[in-house]
$ cat model17.txt   # compact mmCIF, C-alpha atoms and all ligand atoms
# COMPACT_ATOMS: atom_id res chain seq x y z
CA MET E 1 1.72 -26.09 -19.16
CA SER E 2 -1.57 -24.40 -18.44
CA SER E 3 -2.61 -24.40 -14.81
CA ALA E 4 -6.32 -24.51 -15.77
CA ASP E 5 -8.03 -27.67 -14.59
CA ILE E 6 -5.31 -28.34 -12.00
CA PRO E 7 -6.99 -28.35 -8.60
CA ALA E 8 -6.23 -25.75 -5.94
CA VAL E 9 -7.66 -25.08 -2.51
CA LEU E 10 -7.83 -21.87 -0.47
CA VAL E 11 -7.86 -22.35 3.30
CA LEU E 12 -8.44 -19.57 5.85
CA GLU E 13 -7.05 -19.79 9.36
CA ASP E 14 -10.60 -20.09 10.74
CA GLY E 15 -10.89 -23.40 8.89
CA SER E 16 -13.09 -22.28 6.01
CA VAL E 17 -12.25 -23.73 2.61
CA TRP E 18 -12.83 -22.73 -1.05
CA ARG E 19 -11.97 -25.14 -3.86
CA GLY E 20 -10.98 -23.90 -7.30
CA GLN E 21 -8.32 -24.16 -10.00
CA ALA E 22 -4.62 -23.36 -9.94
CA TYR E 23 -3.78 -19.92 -11.37
CA GLY E 24 -0.25 -18.65 -11.98
CA ALA E 25 2.48 -20.75 -10.39
CA LEU E 26 1.79 -24.14 -8.83
CA GLY E 27 2.71 -24.71 -5.20
CA THR E 28 1.94 -23.41 -1.74
CA THR E 29 1.74 -19.89 -0.41
CA VAL E 30 0.61 -18.30 2.85
CA GLY E 31 -0.03 -14.69 3.86
CA GLU E 32 -2.64 -12.29 5.18
CA ALA E 33 -5.90 -12.52 3.19
CA VAL E 34 -7.13 -9.08 2.14
CA PHE E 35 -9.67 -8.04 -0.47
CA ASN E 36 -9.40 -5.33 -3.09
CA THR E 37 -12.65 -4.04 -4.59
CA GLY E 38 -11.15 -2.32 -7.67
CA MET E 39 -12.52 -3.53 -11.00
CA THR E 40 -9.39 -2.27 -12.75
CA GLY E 41 -5.79 -1.61 -11.81
CA TYR E 42 -4.72 -5.18 -11.07
CA GLN E 43 -1.25 -4.65 -12.52
CA GLU E 44 -0.63 -1.66 -10.24
CA THR E 45 -1.98 -3.66 -7.28
CA LEU E 46 0.26 -6.66 -7.92
CA THR E 47 3.39 -4.50 -8.24
CA ASP E 48 2.64 -2.24 -5.22
CA PRO E 49 5.26 -3.17 -2.58
CA SER E 50 2.71 -2.37 0.16
CA TYR E 51 1.06 -5.74 -0.61
CA TYR E 52 4.18 -7.70 0.36
CA GLY E 53 3.15 -10.56 2.68
CA GLN E 54 -0.50 -10.40 1.59
CA VAL E 55 -2.67 -12.71 -0.47
CA VAL E 56 -4.95 -10.42 -2.45
CA VAL E 57 -8.52 -11.47 -3.19
CA MET E 58 -9.97 -9.53 -6.13
CA THR E 59 -13.64 -9.02 -5.27
CA ALA E 60 -14.63 -8.14 -8.86
CA PRO E 61 -15.14 -11.32 -10.87
CA HIS E 62 -13.34 -10.59 -14.15
CA ILE E 63 -9.61 -10.03 -13.79
CA GLY E 64 -6.89 -9.98 -16.44
CA ASN E 65 -9.04 -8.68 -19.29
CA THR E 66 -6.47 -6.14 -20.46
CA GLY E 67 -3.44 -8.40 -19.93
CA VAL E 68 -0.11 -7.16 -18.60
CA ASN E 69 1.75 -4.27 -20.26
CA ASP E 70 5.22 -2.78 -19.97
CA GLU E 71 4.05 0.58 -18.60
CA ASP E 72 1.77 0.13 -15.59
CA GLY E 73 4.05 -1.70 -13.15
CA GLU E 74 4.56 0.30 -9.93
CA SER E 75 7.91 -1.40 -9.23
CA ARG E 76 10.22 -3.94 -10.83
CA ARG E 77 8.27 -7.04 -9.71
CA ILE E 78 5.08 -8.51 -8.28
CA TRP E 79 5.01 -8.35 -4.45
CA VAL E 80 1.79 -10.08 -3.40
CA SER E 81 2.27 -13.44 -1.71
CA GLY E 82 -0.69 -14.95 -3.56
CA TYR E 83 -3.54 -13.97 -5.86
CA VAL E 84 -7.20 -14.97 -5.81
CA VAL E 85 -9.56 -14.37 -8.72
CA ARG E 86 -12.89 -15.68 -9.81
CA ASP E 87 -12.91 -15.68 -13.59
CA PRO E 88 -9.54 -14.89 -15.21
CA ALA E 89 -9.55 -13.65 -18.80
CA ARG E 90 -9.03 -16.48 -21.23
CA ARG E 91 -7.90 -14.05 -23.91
CA PRO E 92 -6.56 -10.61 -22.85
CA SER E 93 -7.40 -7.77 -25.16
CA ASN E 94 -5.73 -4.37 -25.14
CA TRP E 95 -3.42 -2.53 -27.51
CA ARG E 96 -0.75 -2.32 -24.80
CA SER E 97 -1.03 -5.94 -23.62
CA ARG E 98 2.20 -7.89 -23.92
CA ARG E 99 1.29 -11.10 -22.06
CA GLY E 100 -1.51 -12.75 -20.12
CA LEU E 101 -1.87 -12.23 -16.38
CA GLY E 102 -1.76 -15.96 -15.53
CA GLU E 103 1.42 -16.28 -17.57
CA GLU E 104 2.99 -13.31 -15.75
CA LEU E 105 2.08 -14.71 -12.32
CA ALA E 106 3.60 -18.07 -13.28
CA ALA E 107 6.78 -16.40 -14.64
CA GLN E 108 7.19 -14.51 -11.34
CA GLU E 109 6.39 -17.64 -9.32
CA VAL E 110 3.28 -16.22 -7.70
CA VAL E 111 0.88 -18.94 -6.56
CA GLY E 112 -2.77 -18.14 -7.22
CA ILE E 113 -6.20 -19.69 -7.37
CA SER E 114 -9.11 -19.04 -9.73
CA HIS E 115 -12.73 -20.12 -10.02
CA VAL E 116 -13.51 -19.41 -6.39
CA ASP E 117 -16.37 -17.09 -5.39
CA THR E 118 -14.32 -14.03 -4.47
CA ARG E 119 -17.43 -12.07 -3.46
CA SER E 120 -18.26 -14.66 -0.82
CA ILE E 121 -14.63 -14.61 0.43
CA THR E 122 -14.87 -10.80 0.60
CA ARG E 123 -18.07 -11.00 2.68
CA HIS E 124 -16.42 -13.56 4.95
CA LEU E 125 -13.38 -11.33 5.55
CA ARG E 126 -15.63 -8.31 6.03
CA GLU E 127 -17.56 -10.11 8.77
CA ARG E 128 -14.66 -11.89 10.47
CA GLY E 129 -11.74 -9.58 9.71
CA ALA E 130 -8.50 -10.02 7.77
CA MET E 131 -6.84 -13.32 8.65
CA ARG E 132 -4.13 -15.65 7.45
CA VAL E 133 -4.73 -17.79 4.37
CA GLY E 134 -3.00 -20.50 2.40
CA ILE E 135 -3.32 -21.49 -1.26
CA PHE E 136 -2.32 -25.08 -2.02
CA SER E 137 -2.35 -26.21 -5.66
CA GLY E 138 -1.60 -29.35 -7.63
CA GLY E 139 -1.93 -32.88 -6.25
CA GLN E 140 -1.67 -31.72 -2.64
CA ALA E 141 -5.06 -30.00 -3.03
CA LEU E 142 -6.55 -33.47 -3.47
CA VAL E 143 -4.54 -35.60 -1.05
CA ARG E 144 -3.59 -33.44 1.95
CA PRO E 145 -6.22 -33.39 4.70
CA VAL E 146 -7.76 -29.95 5.26
CA GLU E 147 -6.86 -30.03 8.97
CA GLU E 148 -3.18 -30.28 8.02
CA LEU E 149 -3.50 -27.29 5.65
CA VAL E 150 -5.26 -25.20 8.33
CA GLU E 151 -2.43 -26.02 10.74
CA GLU E 152 0.12 -24.87 8.18
CA VAL E 153 -1.76 -21.57 7.76
CA ARG E 154 -1.93 -21.08 11.54
CA ARG E 155 1.84 -21.53 11.80
CA SER E 156 2.52 -18.70 9.29
CA PRO E 157 3.52 -15.16 10.41
CA GLN E 158 0.89 -12.59 11.43
CA MET E 159 0.70 -9.17 9.79
CA ALA E 160 0.40 -7.45 13.20
CA GLY E 161 3.98 -6.89 14.34
CA ALA E 162 5.50 -7.53 10.87
CA GLN E 163 8.45 -5.30 9.98
CA LEU E 164 8.62 -5.40 6.18
CA ALA E 165 9.56 -1.94 4.84
CA GLU E 166 13.30 -2.63 4.93
CA GLU E 167 12.75 -5.85 2.96
CA VAL E 168 11.13 -4.13 -0.01
CA SER E 169 13.10 -0.87 0.07
CA THR E 170 15.84 -0.05 -2.41
CA GLY E 171 19.35 -1.06 -1.31
CA GLU E 172 20.95 1.90 -3.09
CA ALA E 173 19.87 5.52 -3.34
CA TYR E 174 18.84 6.70 -6.83
CA VAL E 175 17.60 9.92 -8.41
CA VAL E 176 14.38 10.54 -10.35
CA PRO E 177 15.04 13.81 -12.22
CA ALA E 178 12.58 16.68 -12.49
CA GLN E 179 10.72 17.06 -15.77
CA GLY E 180 11.57 20.44 -17.30
CA GLU E 181 13.09 23.01 -15.00
CA LYS E 182 14.20 21.69 -11.60
CA ARG E 183 12.56 23.68 -8.80
CA PHE E 184 13.05 21.54 -5.67
CA THR E 185 15.13 18.70 -4.28
CA VAL E 186 13.27 16.13 -2.20
CA ALA E 187 14.63 13.24 -0.12
CA SER E 188 12.09 10.43 -0.65
CA ILE E 189 12.30 7.72 1.97
CA ASP E 190 11.54 4.42 0.24
CA LEU E 191 9.47 2.31 2.62
CA GLY E 192 8.00 0.48 -0.41
CA ILE E 193 7.61 3.38 -2.82
CA LYS E 194 5.41 3.15 -5.92
CA SER E 195 7.08 4.51 -9.04
CA MET E 196 4.16 6.86 -9.81
CA THR E 197 4.97 8.97 -6.73
CA PRO E 198 8.39 10.31 -7.80
CA HIS E 199 6.82 10.68 -11.25
CA ARG E 200 4.04 12.93 -9.87
CA MET E 201 6.71 14.97 -8.10
CA ALA E 202 8.89 15.12 -11.24
CA GLN E 203 5.91 16.57 -13.15
CA ARG E 204 6.02 19.47 -10.66
CA GLY E 205 9.73 20.21 -11.05
CA ILE E 206 10.87 18.07 -8.10
CA GLU E 207 14.08 16.07 -8.28
CA SER E 208 13.59 13.07 -6.03
CA HIS E 209 16.51 11.43 -4.24
CA VAL E 210 15.04 8.06 -3.32
CA LEU E 211 16.79 6.81 -0.18
CA PRO E 212 16.68 3.39 1.53
CA ALA E 213 14.28 2.87 4.45
CA THR E 214 17.31 2.77 6.76
CA ALA E 215 18.44 6.30 5.76
CA SER E 216 19.79 8.40 8.64
CA ILE E 217 19.20 12.10 9.16
CA ASP E 218 22.74 12.67 7.80
CA ASP E 219 21.84 10.77 4.60
CA VAL E 220 18.75 12.97 4.27
CA LEU E 221 20.60 16.24 4.92
CA ALA E 222 23.36 15.19 2.51
CA VAL E 223 21.03 15.82 -0.44
CA SER E 224 20.25 19.36 0.85
CA PRO E 225 16.52 18.72 0.57
CA ASP E 226 13.83 21.38 0.23
CA GLY E 227 11.46 18.70 1.48
CA VAL E 228 11.22 15.12 2.70
CA PHE E 229 8.72 12.61 1.34
CA LEU E 230 7.71 9.44 3.25
CA SER E 231 6.34 6.70 1.02
CA ASN E 232 3.74 3.96 1.35
CA GLY E 233 4.94 0.53 2.42
CA PRO E 234 4.09 -2.92 3.80
CA GLY E 235 3.85 -4.18 7.36
CA ASP E 236 2.81 -2.88 10.75
CA PRO E 237 3.66 0.81 11.37
CA ALA E 238 4.16 -0.02 15.07
CA THR E 239 7.50 -1.57 14.02
CA ALA E 240 8.79 1.54 12.23
CA ASP E 241 10.77 2.94 15.18
CA ALA E 242 13.81 3.90 13.07
CA GLN E 243 11.66 5.92 10.64
CA VAL E 244 9.75 7.56 13.51
CA ALA E 245 13.07 8.72 14.99
CA LEU E 246 14.15 10.02 11.57
CA VAL E 247 10.92 11.98 11.13
CA ARG E 248 11.35 13.62 14.54
CA GLU E 249 14.81 14.79 13.40
CA VAL E 250 13.30 16.18 10.19
CA LEU E 251 10.49 17.97 12.07
CA ALA E 252 12.97 19.44 14.57
CA ARG E 253 14.78 21.08 11.62
CA ARG E 254 11.49 22.33 10.16
CA VAL E 255 12.19 20.72 6.79
CA PRO E 256 8.84 20.45 4.88
CA LEU E 257 7.48 16.91 5.03
CA PHE E 258 4.77 15.03 3.12
CA GLY E 259 3.79 11.42 3.78
CA ILE E 260 1.54 8.90 2.04
CA CYS E 261 -0.07 5.83 3.65
CA PHE E 262 2.72 4.14 5.68
CA GLY E 263 4.25 7.64 5.66
CA ASN E 264 1.06 9.01 7.27
CA GLN E 265 1.28 6.35 9.97
CA VAL E 266 4.97 7.13 10.60
CA LEU E 267 4.24 10.87 10.87
CA GLY E 268 1.34 10.06 13.22
CA ARG E 269 3.62 8.02 15.45
CA ALA E 270 6.34 10.69 15.36
CA LEU E 271 3.74 13.18 16.64
CA GLY E 272 2.92 10.78 19.46
CA PHE E 273 -0.27 9.08 18.22
CA GLY E 274 -0.75 5.33 18.25
CA THR E 275 -1.64 3.11 15.29
CA TYR E 276 -4.01 0.14 15.27
CA LYS E 277 -5.10 -2.67 12.96
CA LEU E 278 -8.39 -2.19 11.14
CA GLY E 279 -10.84 -5.10 10.95
CA TYR E 280 -10.34 -5.67 7.25
CA GLY E 281 -8.80 -2.44 5.95
CA HIS E 282 -9.48 -0.31 2.88
CA ARG E 283 -8.31 -1.55 -0.51
CA GLY E 284 -9.80 -0.29 -3.74
CA ILE E 285 -10.12 2.74 -5.93
CA ASN E 286 -13.45 4.33 -4.96
CA GLN E 287 -13.25 5.26 -1.28
CA PRO E 288 -14.95 8.54 -0.30
CA VAL E 289 -12.77 10.83 1.81
CA LEU E 290 -13.78 14.19 3.30
CA ASP E 291 -11.20 16.98 3.25
CA ARG E 292 -12.32 18.63 6.48
CA ARG E 293 -10.47 21.86 5.71
CA THR E 294 -12.45 22.53 2.50
CA GLY E 295 -15.56 20.39 3.03
CA LYS E 296 -14.94 18.70 -0.33
CA VAL E 297 -15.37 14.95 -0.82
CA GLU E 298 -12.75 13.13 -2.89
CA VAL E 299 -13.03 9.69 -4.41
CA THR E 300 -9.69 8.07 -3.66
CA ALA E 301 -7.50 4.98 -3.98
CA HIS E 302 -6.73 3.10 -0.74
CA ASN E 303 -4.55 0.25 0.40
CA HIS E 304 -4.21 0.13 4.15
CA GLY E 305 -4.84 -2.33 6.96
CA PHE E 306 -3.68 -0.08 9.82
CA ALA E 307 -4.68 3.46 10.78
CA VAL E 308 -3.64 6.34 13.03
CA ASP E 309 -5.52 6.70 16.30
CA ALA E 310 -6.04 10.47 16.62
CA PRO E 311 -9.02 12.50 17.87
CA LEU E 312 -11.28 13.66 15.04
CA GLU E 313 -12.55 16.93 16.45
CA GLY E 314 -10.54 20.13 16.47
CA SER E 315 -6.80 20.51 16.81
CA VAL E 316 -4.84 18.88 19.62
CA GLN E 317 -1.43 19.26 21.12
CA ALA E 318 0.84 16.57 19.60
CA PRO E 319 1.19 13.93 22.35
CA ALA E 320 4.93 13.58 21.60
CA GLY E 321 5.64 17.04 23.05
CA ALA E 322 5.05 20.78 22.90
CA GLU E 323 7.83 21.21 20.30
CA PHE E 324 5.58 19.46 17.71
CA GLY E 325 2.80 22.02 18.21
CA LEU E 326 -0.85 21.51 17.27
CA VAL E 327 -2.13 18.80 14.93
CA GLU E 328 -5.50 18.31 13.23
CA VAL E 329 -7.04 15.35 11.45
CA SER E 330 -7.38 16.85 7.97
CA HIS E 331 -9.12 13.96 6.17
CA VAL E 332 -11.64 11.30 7.22
CA CYS E 333 -13.01 8.24 5.40
CA LEU E 334 -16.76 8.70 5.02
CA ASN E 335 -17.45 4.95 5.14
CA ASP E 336 -16.14 4.42 8.66
CA GLN E 337 -14.70 7.70 10.03
CA VAL E 338 -11.14 6.35 9.95
CA VAL E 339 -8.38 9.00 10.06
CA GLU E 340 -7.20 9.60 6.48
CA GLY E 341 -4.92 12.61 6.89
CA LEU E 342 -2.92 14.68 9.38
CA ASN E 343 -1.95 18.32 9.25
CA CYS E 344 0.56 20.01 11.55
CA LEU E 345 -0.48 23.58 12.35
CA ASP E 346 2.90 24.71 13.68
CA LEU E 347 5.26 22.70 11.47
CA PRO E 348 5.48 22.39 7.65
CA ALA E 349 4.29 18.75 7.70
CA PHE E 350 1.19 16.89 6.48
CA SER E 351 0.24 13.43 5.28
CA VAL E 352 -2.60 11.30 3.92
CA GLN E 353 -3.48 7.66 4.49
CA TYR E 354 -4.60 7.14 0.88
CA HIS E 355 -3.02 7.40 -2.56
CA PRO E 356 -2.96 10.78 -4.35
CA GLU E 357 -0.48 9.31 -6.88
CA ALA E 358 -3.53 7.49 -8.30
CA ALA E 359 -1.96 4.34 -9.73
CA ALA E 360 -4.48 2.95 -10.15
CA GLY E 361 -7.35 5.18 -9.15
CA PRO E 362 -9.06 8.54 -9.54
CA HIS E 363 -7.02 11.74 -9.67
CA ASP E 364 -9.16 13.76 -7.21
CA ALA E 365 -6.35 14.06 -4.67
CA ALA E 366 -3.57 15.25 -7.02
CA TYR E 367 -3.80 18.68 -5.32
CA LEU E 368 -1.80 17.23 -2.39
CA PHE E 369 1.38 17.22 -4.51
CA ASP E 370 0.69 20.89 -5.31
CA ARG E 371 0.27 21.53 -1.59
CA PHE E 372 3.68 19.94 -0.98
CA VAL E 373 5.15 22.31 -3.58
CA GLU E 374 3.49 25.27 -1.84
CA VAL E 375 4.83 24.23 1.56
CA MET E 376 8.34 23.95 0.09
CA GLU E 377 7.96 27.32 -1.65
CA ASN E 378 7.00 28.93 1.67
CA GLY E 379 10.02 27.29 3.30
CA LYS E 380 12.47 28.78 0.78
N1 LIG W 1 -0.08 1.23 1.40
C1 LIG W 1 0.51 1.39 2.58
O1 LIG W 1 1.43 2.17 2.75
C2 LIG W 1 0.04 0.50 3.70
C3 LIG W 1 0.55 0.88 5.05
C4 LIG W 1 0.42 -0.25 6.06
N2 LIG W 1 1.24 -1.37 5.67
C5 LIG W 1 -1.03 -0.65 6.19
O2 LIG W 1 -1.42 -1.72 5.76
O3 LIG W 1 -1.81 0.09 6.73
$ encode --input "model17.txt" --output "C-alpha cells" --more "lines below"
Ligand SMILES: NC(=O)CC[C@H](N)C(=O)O
Amino acid sequence: MSSADIPAVLVLEDGSVWRGQAYGALGTTVGEAVFNTGMTGYQETLTDPSYYGQVVVMTAPHIGNTGVNDEDGESRRIWVSGYVVRDPARRPSNWRSRRGLGEELAAQEVVGISHVDTRSITRHLRERGAMRVGIFSGGQALVRPVEELVEEVRRSPQMAGAQLAEEVSTGEAYVVPAQGEKRFTVASIDLGIKSMTPHRMAQRGIESHVLPATASIDDVLAVSPDGVFLSNGPGDPATADAQVALVREVLARRVPLFGICFGNQVLGRALGFGTYKLGYGHRGINQPVLDRRTGKVEVTAHNHGFAVDAPLEGSVQAPAGAEFGLVEVSHVCLNDQVVEGLNCLDLPAFSVQYHPEAAAGPHDAAYLFDRFVEVMENGK
C-alpha cells in the first residue's frame, strides 16, 4: 500500500503543528527534532548510528531522487527515529538505485512525514532550538486532539542526558583488514561507528579491530594496538564516563589516539573539559572549519548537537591534571566559533568534531587520517 495521501501530522513539543502525508511506515514516532541541510547523502544520514533517537528534518526540498543503493549504507540499518521531507521523489533515477526511499523506510519500519515545509521547520528549530517532536500518521492524525499529541511528545525522553552509544555499538569485536600491505593495528572503539571510517583507515594500511563501546583497557591492549580510534556516536557525551576512563588509560600509556565527533567529545572530557548542548547543532555537508595550525579553511561534513567547552586562544594546561600536558583547540567552526578539534601538545592524541571520513560530504579533511598514520609512525 502506498502511504501517499494518508494523512500525517508533525507536532513539536512547543505545540506547533505541521500537517502533511504519511511517508515510509505508518504509526507513531517521537525523538529529538534536528535538521540536516545536505542536498545529497540521505542514505548515509539515515544509516549513521549517531542519529539514533533523532527525527531528522531534511531542509532541502527534494529527497530520494537517486533511490537507495546497496553500497552507500554506513551501517547495517537505518537508525533515525523518524524522517521528515518536503517533496519525496516519485520515481528514483540512478544506475545504482535498487529501491525507492519511501519503500526502504517502510521496510525498516521508520515512520516519516512528507509534504511539510521543511524550510519553515528548519527556521523554527534554528530560532527556538532543537526540541522533541512526534510524527503521527494514519487515522490518528485526523481524530486525536493536538493537545493529546503534544502531551505524548512532552512525555518522551530528552536528548540531554541520553546514554545511547552502548545501544548502537557492536556486541562482538570484528576486524576490518588493511588494503594491501598491513602497516598498523588500530583498536577502534565503536560508539556508533560509520563503516567508511575503518575503510579510510584500511586504505592507509591500517587493520582495524572494532571493539564494543564497553571495551576495557585490557581488551584494547589485547590487540597490541599501534593506535586507538574513538568513533562518532549518538547521545549526550556527558554520559560517556566509561569511555572517558578508558581514554585516560590509553593516554597514560602514550598510545596514539584519534577521535571523531563523539570521540572528540570523549577526548575533551578525558582531558578535563566540559561538554554542552548546542542550540540546534551542526548537521550537513558544507560547514566551514578553520584549521588554526595551518590557517586553511576546510569545507566539512557535520553531525553534532553537543560540543566541547574549551578556551579558543592559545594552549592551556589540561584541566584533568598535569600528566595530560598542554592542549590547544586546533579547529574552529567559522559559522559560530564552536570548538571543532583538539590537539594534545605533550601526548600523541588529537580529535575533530566533524567527519573527515566524508560519507557523505567533501573530502577536504582526509589529511587527518594521514596525520593519524604519522603519529603512529612516530610512536613506533
Ligand atoms: N556524530 C556524532 O558523533 C555526534 C556526537 C554527539 N551525539 C552529538 O550530537 O554531538
$ residues_near_ligand --input "model17.txt" --ligand "ligand LIG 1 (chain W)" --cutoff "9 Å" --atoms "all atoms listed in the file" --output "ChimeraX atom specification"
/E:48-52,159,164-165,191-193,231-237,260-265,276-278,281-283,302-307,353-355
$ residues_around --input "model17.txt" --residues "E:Gly31" --least-positions-apart "4" --cutoff "8 Å" --atoms "all atoms listed in the file" --output "ChimeraX atom specification"
/E:53-55,81-82,132-134,156-158
$ atom_distance --input "model17.txt" --atom1 "atom CA of E:Asn378" --atom2 "atom CA of E:Ala349"
12.1 Å
$ closest_residue --input "model17.txt" --among "E:Val143, E:Leu312, E:Ala301, E:Leu221" --to "E:His363" --atoms "only C-alpha atoms"
E:Ala301
$ axis_aligned_box --input "model17.txt" --around "stretch 340-348 of chain E" --padding-each-side "8 Å" --output "lines of an AutoDock Vina configuration file"
center_x = -0.9
center_y = 17.2
center_z = 10.1
size_x = 28.7
size_y = 31.1
size_z = 23.2
$ closest_residue --input "model17.txt" --among "E:Glu374, E:Asp309, E:Glu109, E:Glu44" --to "E:Leu257" --atoms "all atoms listed in the file"
E:Glu374
$ residues_around --input "model17.txt" --residues "E:Ala222" --least-positions-apart "4" --cutoff "12 Å" --atoms "only C-alpha atoms" --output "list in words"
Ala173, Thr185, Val186, Ala187, His209, Leu211, Ala215, Ser216, Ile217, Asp218 and Asp226 of chain E
$ residues_near_point --input "model17.txt" --point "(-8.1, -24.2, 2.8)" --cutoff "9 Å" --atoms "all atoms listed in the file" --output "PDB file with C-alpha atoms, in the frame of the given file"
ATOM      1  CA  VAL E   9      -7.660 -25.080  -2.510  1.00  0.00           C
ATOM      2  CA  LEU E  10      -7.830 -21.870  -0.470  1.00  0.00           C
ATOM      3  CA  VAL E  11      -7.860 -22.350   3.300  1.00  0.00           C
ATOM      4  CA  LEU E  12      -8.440 -19.570   5.850  1.00  0.00           C
ATOM      5  CA  GLU E  13      -7.050 -19.790   9.360  1.00  0.00           C
ATOM      6  CA  GLY E  15     -10.890 -23.400   8.890  1.00  0.00           C
ATOM      7  CA  SER E  16     -13.090 -22.280   6.010  1.00  0.00           C
ATOM      8  CA  VAL E  17     -12.250 -23.730   2.610  1.00  0.00           C
ATOM      9  CA  TRP E  18     -12.830 -22.730  -1.050  1.00  0.00           C
ATOM     10  CA  ARG E  19     -11.970 -25.140  -3.860  1.00  0.00           C
ATOM     11  CA  VAL E 133      -4.730 -17.790   4.370  1.00  0.00           C
ATOM     12  CA  GLY E 134      -3.000 -20.500   2.400  1.00  0.00           C
ATOM     13  CA  ILE E 135      -3.320 -21.490  -1.260  1.00  0.00           C
ATOM     14  CA  PHE E 136      -2.320 -25.080  -2.020  1.00  0.00           C
ATOM     15  CA  ALA E 141      -5.060 -30.000  -3.030  1.00  0.00           C
ATOM     16  CA  VAL E 146      -7.760 -29.950   5.260  1.00  0.00           C
ATOM     17  CA  GLU E 147      -6.860 -30.030   8.970  1.00  0.00           C
ATOM     18  CA  LEU E 149      -3.500 -27.290   5.650  1.00  0.00           C
ATOM     19  CA  VAL E 150      -5.260 -25.200   8.330  1.00  0.00           C
ATOM     20  CA  VAL E 153      -1.760 -21.570   7.760  1.00  0.00           C
TER      21      VAL E 153
END
$ residues_near_point --input "model17.txt" --point "(-13.0, -19.0, -5.3)" --cutoff "8 Å" --atoms "all atoms listed in the file" --output "list in words"
Leu10, Trp18, Arg19, Gly20, Val84, Val85, Arg86, Ile113, Ser114, His115, Val116, Asp117, Thr118 and Ile121 of chain E
$ closest_residue --input "model17.txt" --among "E:Ile78, E:Val327, E:Val266, E:Leu125" --to "E:Ala107" --atoms "all atoms listed in the file"
E:Ile78
$ closest_residue --input "model17.txt" --among "E:Gly129, E:Gly314, E:Pro212, E:Pro61" --to "E:Ser169" --atoms "all atoms listed in the file"
E:Pro212
$ atom_distance --input "model17.txt" --atom1 "atom CA of E:Ala242" --atom2 "atom CA of E:Ala213"
8.7 Å
$ closest_residue --input "model17.txt" --among "E:Glu377, E:Glu148, E:Glu249, E:Asp70" --to "E:Arg96" --atoms "all atoms listed in the file"
E:Asp70
$ closest_residue --input "model17.txt" --among "E:Val223, E:Ala318, E:Val57, E:Ala270" --to "E:Tyr174" --atoms "all atoms listed in the file"
E:Val223
$ atom_distance --input "model17.txt" --atom1 "atom CA of E:Thr66" --atom2 "atom CA of E:Pro92"
5.1 Å
$ decode --input "model17.txt" --residues "stretch 237-251 of chain E" --atoms "N, CA and C atoms" --output "PDB file, in the first residue's frame"
ATOM      1  N   PRO E 237      27.447  13.269  25.355  1.00  0.00           N
ATOM      2  CA  PRO E 237      28.789  12.845  25.788  1.00  0.00           C
ATOM      3  C   PRO E 237      28.982  12.931  27.302  1.00  0.00           C
ATOM      4  N   ALA E 238      28.137  13.697  27.992  1.00  0.00           N
ATOM      5  CA  ALA E 238      28.267  13.794  29.457  1.00  0.00           C
ATOM      6  C   ALA E 238      27.995  12.451  30.125  1.00  0.00           C
ATOM      7  N   THR E 239      27.391  11.503  29.383  1.00  0.00           N
ATOM      8  CA  THR E 239      27.083  10.186  29.968  1.00  0.00           C
ATOM      9  C   THR E 239      28.195   9.169  29.717  1.00  0.00           C
ATOM     10  N   ALA E 240      29.230   9.561  28.966  1.00  0.00           N
ATOM     11  CA  ALA E 240      30.214   8.569  28.498  1.00  0.00           C
ATOM     12  C   ALA E 240      31.343   8.354  29.509  1.00  0.00           C
ATOM     13  N   ASP E 241      30.995   8.190  30.780  1.00  0.00           N
ATOM     14  CA  ASP E 241      32.033   8.070  31.821  1.00  0.00           C
ATOM     15  C   ASP E 241      32.962   6.880  31.598  1.00  0.00           C
ATOM     16  N   ALA E 242      32.398   5.755  31.162  1.00  0.00           N
ATOM     17  CA  ALA E 242      33.223   4.545  30.978  1.00  0.00           C
ATOM     18  C   ALA E 242      34.274   4.798  29.897  1.00  0.00           C
ATOM     19  N   GLN E 243      33.865   5.467  28.807  1.00  0.00           N
ATOM     20  CA  GLN E 243      34.802   5.711  27.702  1.00  0.00           C
ATOM     21  C   GLN E 243      35.840   6.770  28.102  1.00  0.00           C
ATOM     22  N   VAL E 244      35.428   7.740  28.917  1.00  0.00           N
ATOM     23  CA  VAL E 244      36.371   8.757  29.402  1.00  0.00           C
ATOM     24  C   VAL E 244      37.463   8.072  30.240  1.00  0.00           C
ATOM     25  N   ALA E 245      37.046   7.140  31.098  1.00  0.00           N
ATOM     26  CA  ALA E 245      38.024   6.421  31.925  1.00  0.00           C
ATOM     27  C   ALA E 245      38.965   5.606  31.039  1.00  0.00           C
ATOM     28  N   LEU E 246      38.408   4.970  30.004  1.00  0.00           N
ATOM     29  CA  LEU E 246      39.237   4.179  29.079  1.00  0.00           C
ATOM     30  C   LEU E 246      40.278   5.074  28.389  1.00  0.00           C
ATOM     31  N   VAL E 247      39.834   6.234  27.925  1.00  0.00           N
ATOM     32  CA  VAL E 247      40.746   7.135  27.207  1.00  0.00           C
ATOM     33  C   VAL E 247      41.873   7.600  28.129  1.00  0.00           C
ATOM     34  N   ARG E 248      41.555   7.852  29.378  1.00  0.00           N
ATOM     35  CA  ARG E 248      42.636   8.244  30.317  1.00  0.00           C
ATOM     36  C   ARG E 248      43.680   7.135  30.446  1.00  0.00           C
ATOM     37  N   GLU E 249      43.220   5.882  30.442  1.00  0.00           N
ATOM     38  CA  GLU E 249      44.161   4.743  30.498  1.00  0.00           C
ATOM     39  C   GLU E 249      45.032   4.715  29.243  1.00  0.00           C
ATOM     40  N   VAL E 250      44.403   4.983  28.097  1.00  0.00           N
ATOM     41  CA  VAL E 250      45.143   4.962  26.824  1.00  0.00           C
ATOM     42  C   VAL E 250      46.184   6.082  26.818  1.00  0.00           C
ATOM     43  N   LEU E 251      45.753   7.291  27.250  1.00  0.00           N
ATOM     44  CA  LEU E 251      46.678   8.434  27.253  1.00  0.00           C
ATOM     45  C   LEU E 251      47.840   8.185  28.212  1.00  0.00           C
TER      46      LEU E 251
END
